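Trainee: Got a structure for you, protein.txt, holding compact mmCIF, N, CA and C atoms.
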```
# COMPACT_ATOMS: atom_id res chain seq x y z
N MET I 1 -16.97 26.74 19.97
CA MET I 1 -17.20 25.31 19.92
C MET I 1 -18.53 25.07 19.21
N SER I 2 -18.54 24.11 18.33
CA SER I 2 -19.76 23.79 17.59
C SER I 2 -20.76 23.08 18.51
N ILE I 3 -22.00 23.09 18.11
CA ILE I 3 -23.04 22.43 18.91
C ILE I 3 -22.75 20.93 18.99
N PHE I 4 -22.40 20.33 17.86
CA PHE I 4 -22.13 18.89 17.87
C PHE I 4 -20.92 18.57 18.74
N SER I 5 -19.89 19.38 18.71
CA SER I 5 -18.73 19.16 19.58
C SER I 5 -19.14 19.21 21.04
N ASN I 6 -20.08 20.09 21.34
CA ASN I 6 -20.60 20.20 22.70
C ASN I 6 -21.34 18.92 23.09
N ILE I 7 -22.09 18.35 22.15
CA ILE I 7 -22.79 17.08 22.41
C ILE I 7 -21.77 15.99 22.74
N LEU I 8 -20.72 15.89 21.91
CA LEU I 8 -19.69 14.88 22.15
C LEU I 8 -19.02 15.08 23.51
N GLU I 9 -18.76 16.31 23.85
CA GLU I 9 -18.12 16.60 25.13
C GLU I 9 -19.01 16.18 26.30
N LYS I 10 -20.29 16.48 26.21
CA LYS I 10 -21.22 16.13 27.28
C LYS I 10 -21.37 14.62 27.43
N LEU I 11 -21.15 13.88 26.35
CA LEU I 11 -21.22 12.42 26.40
C LEU I 11 -19.88 11.79 26.79
N GLY I 12 -18.85 12.60 26.95
CA GLY I 12 -17.54 12.08 27.31
C GLY I 12 -16.76 11.55 26.13
N ILE I 13 -17.16 11.95 24.94
CA ILE I 13 -16.47 11.53 23.72
C ILE I 13 -15.63 12.70 23.25
N LYS I 14 -14.35 12.48 23.22
CA LYS I 14 -13.46 13.55 22.74
C LYS I 14 -12.61 12.98 21.64
N LYS I 15 -12.49 13.73 20.56
CA LYS I 15 -11.60 13.30 19.48
C LYS I 15 -10.17 13.46 19.96
N PRO I 16 -9.26 12.60 19.50
CA PRO I 16 -7.87 12.74 19.89
C PRO I 16 -7.35 14.11 19.49
N ALA I 17 -6.69 14.75 20.44
CA ALA I 17 -6.14 16.08 20.16
C ALA I 17 -4.92 15.95 19.26
N THR I 18 -4.86 16.79 18.27
CA THR I 18 -3.69 16.80 17.42
C THR I 18 -2.91 18.05 17.76
N THR I 19 -1.64 17.88 17.86
CA THR I 19 -0.79 19.02 18.17
C THR I 19 0.00 19.41 16.95
N ALA I 20 0.53 20.58 17.00
CA ALA I 20 1.34 21.05 15.88
C ALA I 20 2.52 20.13 15.65
N ALA I 21 3.01 19.51 16.71
CA ALA I 21 4.16 18.63 16.59
C ALA I 21 3.83 17.39 15.77
N THR I 22 2.58 16.89 15.87
CA THR I 22 2.24 15.72 15.09
C THR I 22 1.80 16.08 13.69
N GLN I 23 1.43 17.34 13.46
CA GLN I 23 0.98 17.74 12.14
C GLN I 23 2.12 18.18 11.25
N THR I 24 3.16 18.73 11.80
CA THR I 24 4.29 19.18 11.01
C THR I 24 5.54 18.52 11.52
N THR I 25 6.41 18.20 10.62
CA THR I 25 7.69 17.65 11.03
C THR I 25 8.76 18.58 10.52
N SER I 26 9.71 18.78 11.34
CA SER I 26 10.82 19.62 10.91
C SER I 26 12.10 18.85 11.14
N THR I 27 13.05 19.10 10.30
CA THR I 27 14.34 18.46 10.46
C THR I 27 15.31 19.49 11.00
N PRO I 28 16.09 19.09 11.98
CA PRO I 28 17.05 20.05 12.51
C PRO I 28 18.07 20.40 11.45
N SER I 29 18.49 21.63 11.46
CA SER I 29 19.47 22.03 10.45
C SER I 29 20.83 21.43 10.82
N LYS I 30 21.53 21.01 9.79
CA LYS I 30 22.85 20.43 10.02
C LYS I 30 23.81 21.06 9.02
N PRO I 31 25.05 21.01 9.32
CA PRO I 31 26.02 21.64 8.41
C PRO I 31 26.00 20.97 7.04
N LEU I 32 26.31 21.75 6.04
CA LEU I 32 26.36 21.23 4.69
C LEU I 32 27.49 20.23 4.55
N GLU I 33 27.18 19.16 3.80
CA GLU I 33 28.20 18.15 3.58
C GLU I 33 28.91 18.45 2.27
N PRO I 34 30.19 18.13 2.18
CA PRO I 34 30.90 18.37 0.93
C PRO I 34 30.35 17.47 -0.18
N ILE I 35 30.38 17.96 -1.39
CA ILE I 35 29.90 17.21 -2.54
C ILE I 35 31.07 16.47 -3.15
N HIS I 36 30.86 15.18 -3.38
CA HIS I 36 31.88 14.36 -4.01
C HIS I 36 31.37 14.01 -5.40
N ILE I 37 32.23 14.12 -6.36
CA ILE I 37 31.83 13.96 -7.75
C ILE I 37 31.32 12.56 -8.05
N ASN I 38 31.93 11.51 -7.58
CA ASN I 38 31.52 10.15 -7.90
C ASN I 38 30.73 9.50 -6.76
N ALA I 39 30.24 10.28 -5.86
CA ALA I 39 29.50 9.73 -4.72
C ALA I 39 28.05 9.44 -5.13
N THR I 40 27.50 8.41 -4.55
CA THR I 40 26.09 8.12 -4.81
C THR I 40 25.25 9.01 -3.89
N PRO I 41 24.15 9.52 -4.42
CA PRO I 41 23.35 10.41 -3.59
C PRO I 41 22.73 9.66 -2.40
N ALA I 42 22.70 10.33 -1.29
CA ALA I 42 22.09 9.75 -0.08
C ALA I 42 20.58 9.83 -0.21
N THR I 43 19.91 8.82 0.28
CA THR I 43 18.45 8.88 0.27
C THR I 43 17.99 9.73 1.45
N PRO I 44 17.09 10.66 1.17
CA PRO I 44 16.65 11.52 2.26
C PRO I 44 15.86 10.73 3.29
N ALA I 45 16.00 11.11 4.54
CA ALA I 45 15.26 10.47 5.61
C ALA I 45 13.81 10.93 5.54
N THR I 46 12.91 9.97 5.59
CA THR I 46 11.49 10.33 5.56
C THR I 46 10.94 10.24 6.96
N PRO I 47 10.17 11.23 7.34
CA PRO I 47 9.62 11.18 8.69
C PRO I 47 8.59 10.06 8.80
N ALA I 48 8.54 9.44 9.94
CA ALA I 48 7.58 8.36 10.15
C ALA I 48 6.18 8.95 10.22
N ALA I 49 5.27 8.29 9.54
CA ALA I 49 3.88 8.75 9.57
C ALA I 49 3.30 8.48 10.95
N PRO I 50 2.46 9.40 11.45
CA PRO I 50 1.88 9.16 12.76
C PRO I 50 0.99 7.91 12.73
N LYS I 51 1.04 7.14 13.80
CA LYS I 51 0.25 5.93 13.87
C LYS I 51 -1.21 6.31 14.10
N PRO I 52 -2.12 5.57 13.48
CA PRO I 52 -3.54 5.87 13.71
C PRO I 52 -3.89 5.62 15.17
N VAL I 53 -4.76 6.45 15.69
CA VAL I 53 -5.18 6.34 17.07
C VAL I 53 -6.55 5.68 17.11
N ALA I 54 -6.68 4.63 17.89
CA ALA I 54 -7.97 3.95 18.02
C ALA I 54 -8.94 4.85 18.79
N ILE I 55 -10.18 4.85 18.34
CA ILE I 55 -11.21 5.63 19.02
C ILE I 55 -11.77 4.76 20.14
N PRO I 56 -11.66 5.23 21.39
CA PRO I 56 -12.22 4.43 22.47
C PRO I 56 -13.75 4.45 22.40
N VAL I 57 -14.37 3.31 22.69
CA VAL I 57 -15.83 3.23 22.67
C VAL I 57 -16.37 3.76 23.99
N VAL I 58 -17.33 4.65 23.89
CA VAL I 58 -17.96 5.24 25.06
C VAL I 58 -19.36 4.67 25.18
N ASP I 59 -19.74 4.24 26.38
CA ASP I 59 -21.05 3.66 26.60
C ASP I 59 -22.10 4.77 26.70
N VAL I 60 -22.47 5.29 25.56
CA VAL I 60 -23.42 6.40 25.45
C VAL I 60 -24.79 5.98 25.95
N VAL I 61 -25.21 4.79 25.59
CA VAL I 61 -26.54 4.32 25.97
C VAL I 61 -26.70 4.32 27.49
N SER I 62 -25.72 3.78 28.20
CA SER I 62 -25.80 3.76 29.67
C SER I 62 -25.83 5.16 30.24
N LYS I 63 -25.02 6.05 29.69
CA LYS I 63 -25.00 7.44 30.18
C LYS I 63 -26.36 8.10 29.97
N LEU I 64 -26.92 7.95 28.77
CA LEU I 64 -28.19 8.58 28.47
C LEU I 64 -29.34 7.96 29.27
N GLU I 65 -29.30 6.64 29.45
CA GLU I 65 -30.33 5.97 30.25
C GLU I 65 -30.27 6.44 31.71
N ALA I 66 -29.07 6.61 32.25
CA ALA I 66 -28.92 7.09 33.62
C ALA I 66 -29.43 8.53 33.75
N LEU I 67 -29.11 9.36 32.76
CA LEU I 67 -29.61 10.74 32.78
C LEU I 67 -31.14 10.77 32.69
N ALA I 68 -31.70 9.92 31.83
CA ALA I 68 -33.15 9.88 31.66
C ALA I 68 -33.83 9.41 32.94
N LYS I 69 -33.24 8.44 33.62
CA LYS I 69 -33.81 7.92 34.86
C LYS I 69 -33.80 8.98 35.96
N ALA I 70 -32.74 9.79 35.98
CA ALA I 70 -32.60 10.83 37.01
C ALA I 70 -33.40 12.09 36.69
N ASN I 71 -33.87 12.22 35.45
CA ASN I 71 -34.56 13.43 35.03
C ASN I 71 -36.04 13.35 35.42
N PRO I 72 -36.59 14.42 36.00
CA PRO I 72 -38.00 14.39 36.39
C PRO I 72 -38.97 14.35 35.19
N GLU I 73 -38.51 14.84 34.02
CA GLU I 73 -39.34 14.77 32.82
C GLU I 73 -39.19 13.39 32.20
N LYS I 74 -40.22 12.95 31.52
CA LYS I 74 -40.12 11.69 30.78
C LYS I 74 -39.58 12.02 29.40
N LEU I 75 -38.28 11.84 29.22
CA LEU I 75 -37.62 12.21 27.96
C LEU I 75 -37.25 10.95 27.19
N ASP I 76 -37.66 10.89 25.94
CA ASP I 76 -37.37 9.73 25.09
C ASP I 76 -36.29 10.10 24.09
N TRP I 77 -35.04 10.02 24.52
CA TRP I 77 -33.90 10.41 23.69
C TRP I 77 -33.73 9.50 22.49
N LYS I 78 -34.30 8.29 22.53
CA LYS I 78 -34.14 7.34 21.43
C LYS I 78 -34.98 7.73 20.22
N VAL I 79 -35.94 8.63 20.40
CA VAL I 79 -36.85 9.01 19.33
C VAL I 79 -36.79 10.49 19.01
N SER I 80 -36.51 11.31 20.00
CA SER I 80 -36.65 12.76 19.84
C SER I 80 -35.33 13.51 20.00
N ILE I 81 -35.01 14.34 19.02
CA ILE I 81 -33.82 15.18 19.11
C ILE I 81 -34.01 16.23 20.21
N VAL I 82 -35.23 16.71 20.38
CA VAL I 82 -35.51 17.69 21.44
C VAL I 82 -35.22 17.07 22.80
N ASP I 83 -35.72 15.84 23.02
CA ASP I 83 -35.48 15.17 24.30
C ASP I 83 -34.00 14.85 24.51
N LEU I 84 -33.32 14.47 23.44
CA LEU I 84 -31.89 14.19 23.55
C LEU I 84 -31.12 15.44 23.98
N LEU I 85 -31.42 16.56 23.36
CA LEU I 85 -30.75 17.82 23.72
C LEU I 85 -31.10 18.24 25.15
N LYS I 86 -32.36 18.10 25.53
CA LYS I 86 -32.78 18.44 26.90
C LYS I 86 -32.05 17.57 27.92
N LEU I 87 -31.95 16.28 27.61
CA LEU I 87 -31.29 15.34 28.50
C LEU I 87 -29.83 15.72 28.74
N LEU I 88 -29.20 16.28 27.71
CA LEU I 88 -27.80 16.70 27.82
C LEU I 88 -27.66 18.11 28.40
N GLY I 89 -28.79 18.73 28.75
CA GLY I 89 -28.76 20.07 29.32
C GLY I 89 -28.43 21.14 28.29
N MET I 90 -28.82 20.89 27.05
CA MET I 90 -28.51 21.82 25.97
C MET I 90 -29.78 22.52 25.49
N ASP I 91 -29.59 23.60 24.78
CA ASP I 91 -30.69 24.35 24.19
C ASP I 91 -31.36 23.50 23.12
N SER I 92 -32.65 23.26 23.29
CA SER I 92 -33.39 22.45 22.33
C SER I 92 -34.37 23.28 21.51
N SER I 93 -34.20 24.58 21.54
CA SER I 93 -35.11 25.46 20.81
C SER I 93 -35.00 25.22 19.30
N LEU I 94 -36.00 25.70 18.59
CA LEU I 94 -36.01 25.57 17.13
C LEU I 94 -34.77 26.22 16.54
N ALA I 95 -34.40 27.39 17.04
CA ALA I 95 -33.22 28.09 16.53
C ALA I 95 -31.96 27.25 16.73
N ALA I 96 -31.82 26.62 17.89
CA ALA I 96 -30.64 25.79 18.16
C ALA I 96 -30.64 24.55 17.27
N ARG I 97 -31.81 23.96 17.06
CA ARG I 97 -31.89 22.78 16.19
C ARG I 97 -31.60 23.14 14.74
N LYS I 98 -32.06 24.31 14.30
CA LYS I 98 -31.75 24.76 12.94
C LYS I 98 -30.24 24.95 12.78
N GLU I 99 -29.62 25.55 13.79
CA GLU I 99 -28.17 25.77 13.74
C GLU I 99 -27.42 24.44 13.69
N LEU I 100 -27.84 23.48 14.52
CA LEU I 100 -27.21 22.15 14.52
C LEU I 100 -27.43 21.46 13.18
N ALA I 101 -28.63 21.57 12.64
CA ALA I 101 -28.93 20.96 11.34
C ALA I 101 -28.04 21.54 10.24
N ALA I 102 -27.89 22.85 10.24
CA ALA I 102 -27.02 23.50 9.25
C ALA I 102 -25.57 23.04 9.43
N GLU I 103 -25.13 22.94 10.68
CA GLU I 103 -23.75 22.51 10.98
C GLU I 103 -23.49 21.09 10.46
N LEU I 104 -24.50 20.23 10.53
CA LEU I 104 -24.33 18.83 10.12
C LEU I 104 -24.69 18.58 8.66
N GLY I 105 -25.05 19.64 7.93
CA GLY I 105 -25.29 19.50 6.50
C GLY I 105 -26.70 19.06 6.12
N CYS I 106 -27.67 19.40 6.91
CA CYS I 106 -29.06 19.05 6.61
C CYS I 106 -29.49 19.75 5.31
N PRO I 107 -30.22 19.04 4.44
CA PRO I 107 -30.71 19.68 3.22
C PRO I 107 -31.56 20.91 3.55
N ALA I 108 -31.39 21.97 2.79
CA ALA I 108 -32.05 23.25 3.05
C ALA I 108 -33.57 23.12 3.07
N ASP I 109 -34.13 22.24 2.23
CA ASP I 109 -35.58 22.10 2.21
C ASP I 109 -36.14 21.53 3.51
N LYS I 110 -35.32 20.80 4.26
CA LYS I 110 -35.76 20.28 5.55
C LYS I 110 -35.63 21.34 6.65
N ILE I 111 -34.62 22.20 6.54
CA ILE I 111 -34.43 23.24 7.55
C ILE I 111 -35.50 24.31 7.43
N GLY I 112 -35.88 24.65 6.23
CA GLY I 112 -36.86 25.71 6.03
C GLY I 112 -38.27 25.23 5.80
N GLY I 113 -38.46 23.93 5.78
CA GLY I 113 -39.78 23.39 5.47
C GLY I 113 -40.46 22.82 6.69
N ASP I 114 -40.82 21.56 6.59
CA ASP I 114 -41.50 20.86 7.66
C ASP I 114 -40.48 20.52 8.75
N TYR I 115 -40.65 21.12 9.93
CA TYR I 115 -39.66 20.94 10.99
C TYR I 115 -39.66 19.52 11.55
N SER I 116 -40.75 18.79 11.39
CA SER I 116 -40.74 17.40 11.85
C SER I 116 -39.77 16.59 11.00
N GLU I 117 -39.70 16.88 9.69
CA GLU I 117 -38.72 16.20 8.83
C GLU I 117 -37.30 16.56 9.24
N MET I 118 -37.06 17.83 9.56
CA MET I 118 -35.74 18.25 10.00
C MET I 118 -35.37 17.54 11.30
N ASN I 119 -36.33 17.45 12.22
CA ASN I 119 -36.06 16.81 13.51
C ASN I 119 -35.71 15.34 13.36
N VAL I 120 -36.43 14.64 12.49
CA VAL I 120 -36.14 13.22 12.24
C VAL I 120 -34.75 13.07 11.62
N TRP I 121 -34.46 13.89 10.61
CA TRP I 121 -33.14 13.85 9.97
C TRP I 121 -32.05 14.16 10.99
N LEU I 122 -32.29 15.17 11.79
CA LEU I 122 -31.30 15.61 12.77
C LEU I 122 -31.05 14.53 13.82
N HIS I 123 -32.10 13.90 14.31
CA HIS I 123 -31.94 12.86 15.33
C HIS I 123 -31.11 11.70 14.78
N LYS I 124 -31.47 11.23 13.59
CA LYS I 124 -30.72 10.11 12.99
C LYS I 124 -29.26 10.49 12.73
N THR I 125 -29.04 11.69 12.24
CA THR I 125 -27.68 12.14 11.92
C THR I 125 -26.84 12.29 13.18
N VAL I 126 -27.41 12.88 14.22
CA VAL I 126 -26.67 13.05 15.47
C VAL I 126 -26.29 11.69 16.04
N LEU I 127 -27.22 10.74 16.07
CA LEU I 127 -26.90 9.41 16.58
C LEU I 127 -25.82 8.74 15.74
N GLN I 128 -25.91 8.87 14.41
CA GLN I 128 -24.89 8.27 13.53
C GLN I 128 -23.52 8.89 13.78
N LYS I 129 -23.48 10.21 13.93
CA LYS I 129 -22.20 10.88 14.15
C LYS I 129 -21.64 10.57 15.54
N ILE I 130 -22.50 10.36 16.51
CA ILE I 130 -22.03 9.92 17.84
C ILE I 130 -21.38 8.54 17.68
N ALA I 131 -22.04 7.65 16.94
CA ALA I 131 -21.48 6.31 16.70
C ALA I 131 -20.16 6.40 15.95
N ASP I 132 -20.08 7.30 14.96
CA ASP I 132 -18.86 7.47 14.18
C ASP I 132 -17.69 7.95 15.04
N ASN I 133 -18.00 8.60 16.15
CA ASN I 133 -16.96 9.14 17.03
C ASN I 133 -16.70 8.27 18.25
N GLY I 134 -17.24 7.03 18.25
CA GLY I 134 -16.91 6.11 19.33
C GLY I 134 -18.03 5.85 20.32
N GLY I 135 -19.22 6.31 20.04
CA GLY I 135 -20.36 6.03 20.92
C GLY I 135 -21.02 4.73 20.53
N ASN I 136 -21.49 3.98 21.51
CA ASN I 136 -22.10 2.67 21.24
C ASN I 136 -23.59 2.78 20.99
N ILE I 137 -23.95 3.36 19.88
CA ILE I 137 -25.35 3.51 19.52
C ILE I 137 -25.82 2.19 18.88
N PRO I 138 -26.92 1.61 19.40
CA PRO I 138 -27.40 0.35 18.82
C PRO I 138 -27.81 0.53 17.35
N ALA I 139 -27.59 -0.52 16.57
CA ALA I 139 -27.90 -0.49 15.14
C ALA I 139 -29.38 -0.19 14.91
N SER I 140 -30.23 -0.63 15.82
CA SER I 140 -31.67 -0.40 15.65
C SER I 140 -32.02 1.08 15.67
N LEU I 141 -31.21 1.91 16.32
CA LEU I 141 -31.46 3.34 16.35
C LEU I 141 -30.85 4.08 15.16
N LEU I 142 -30.01 3.38 14.41
CA LEU I 142 -29.33 4.01 13.28
C LEU I 142 -30.05 3.74 11.96
N LYS I 143 -31.13 3.00 11.98
CA LYS I 143 -31.87 2.69 10.75
C LYS I 143 -32.69 3.86 10.31
```
Have the structure of the file written as structure tokens, please.

Mentor:
Amino acid sequence: MSIFSNILEKLGIKKPATTAATQTTSTPSKPLEPIHINATPATPATPAAPKPVAIPVVDVVSKLEALAKANPEKLDWKVSIVDLLKLLGMDSSLAARKELAAELGCPADKIGGDYSEMNVWLHKTVLQKIADNGGNIPASLLK
């Protein structure tokens, strides 16, 4: 499981599961029909496309605020990726943050350079991706 998937899971955000049945369609085999010389060709049956699934909105802010209130440390998840990871009970070490940054496509110069730049990029990206997956992240935190 990826680090970001683990974040989503801890927040109660799960992507809709896709099964092999919804990804592939098969038609049952049927006996061959006789060919008629002057018959019009039958139009093949097309499988119905799966309906889009709405992403339920998860109240991430309330969950994180409740965790922060219950935590003995003063963690500011709205500003710090380290505090956000700690609040979720995840590894917030530099190695874990580098791995998460690489997973989310952080530019290499930020991963290997000034770690404060990587942390800022990572915090904004994680919040944006949480919002993209149905979390109610306020617009003020996504700027």

Trainee: Give the answer as one residue: which of I:Leu142, I:Ala96, I:Leu122, I:Val57 has the shortest atom-to-atom distance to I:Ser80, using only N, CA and C atoms?

Mentor: I:Leu122

Trainee: Name the residues, using the chain letters and numbers of the file, that sit within 9 Å of (-19.7, 6.7, 19.1) when counting only C-alpha atoms, and give them as a ChimeraX atom specification.

Mentor: /I:8,13,55-60,127-137

Trainee: Between atom C of I:Ala102 and atom C of I:Gly12, what distance in Å does the model show, to one decimal?

Mentor: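 Separation between atom C of I:Ala102 and atom C of I:Gly12: 22.1 Å.
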
Trainee: Which of these, I:Ser5, I:Ala95, I:Trp77, I:Asp109, has the shortest distance to I:Lys63 once you count only C-alpha atoms?

Mentor: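 Looking only at the distances to I:Lys63, the closest residue turns out to be I:Trp77.
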
Trainee: How many Å lie between atom CA of I:Lys110 and atom CA of I:Val61, rounded to one decimal?

Mentor: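 Atom-to-atom, atom CA of I:Lys110 to atom CA of I:Val61, that is 27.5 Å.
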
Trainee: Could you jot down the atom CA of I:His123 to atom CA of I:Leu85 separation for me, Å, one decimal place?

Mentor: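 About the pair atom CA of I:His123 and atom CA of I:Leu85: they are 9.8 Å apart.
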
Trainee: Which one is closest to I:Leu141: I:Ser2, I:Lys78, I:Tyr115, I:Lys14? Count all atoms listed in the file.

Mentor: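 Of all the options, I:Lys78 lies closest to I:Leu141.
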
Trainee: Using only C-alpha atoms, find the one residue out of I:Asp83, I:Asp91, I:Glu103, I:Asp114 that sits nearest to I:Leu64.

Mentor: I:Asp83

Trainee: Determine the nearest neighbour of I:Asn71 from the options I:Ala101, I:Ala139, I:Ala108, I:Leu87, counting only N, CA and C atoms.

Mentor: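 Answer, going by the shortest atom-to-atom distance: I:Leu87.
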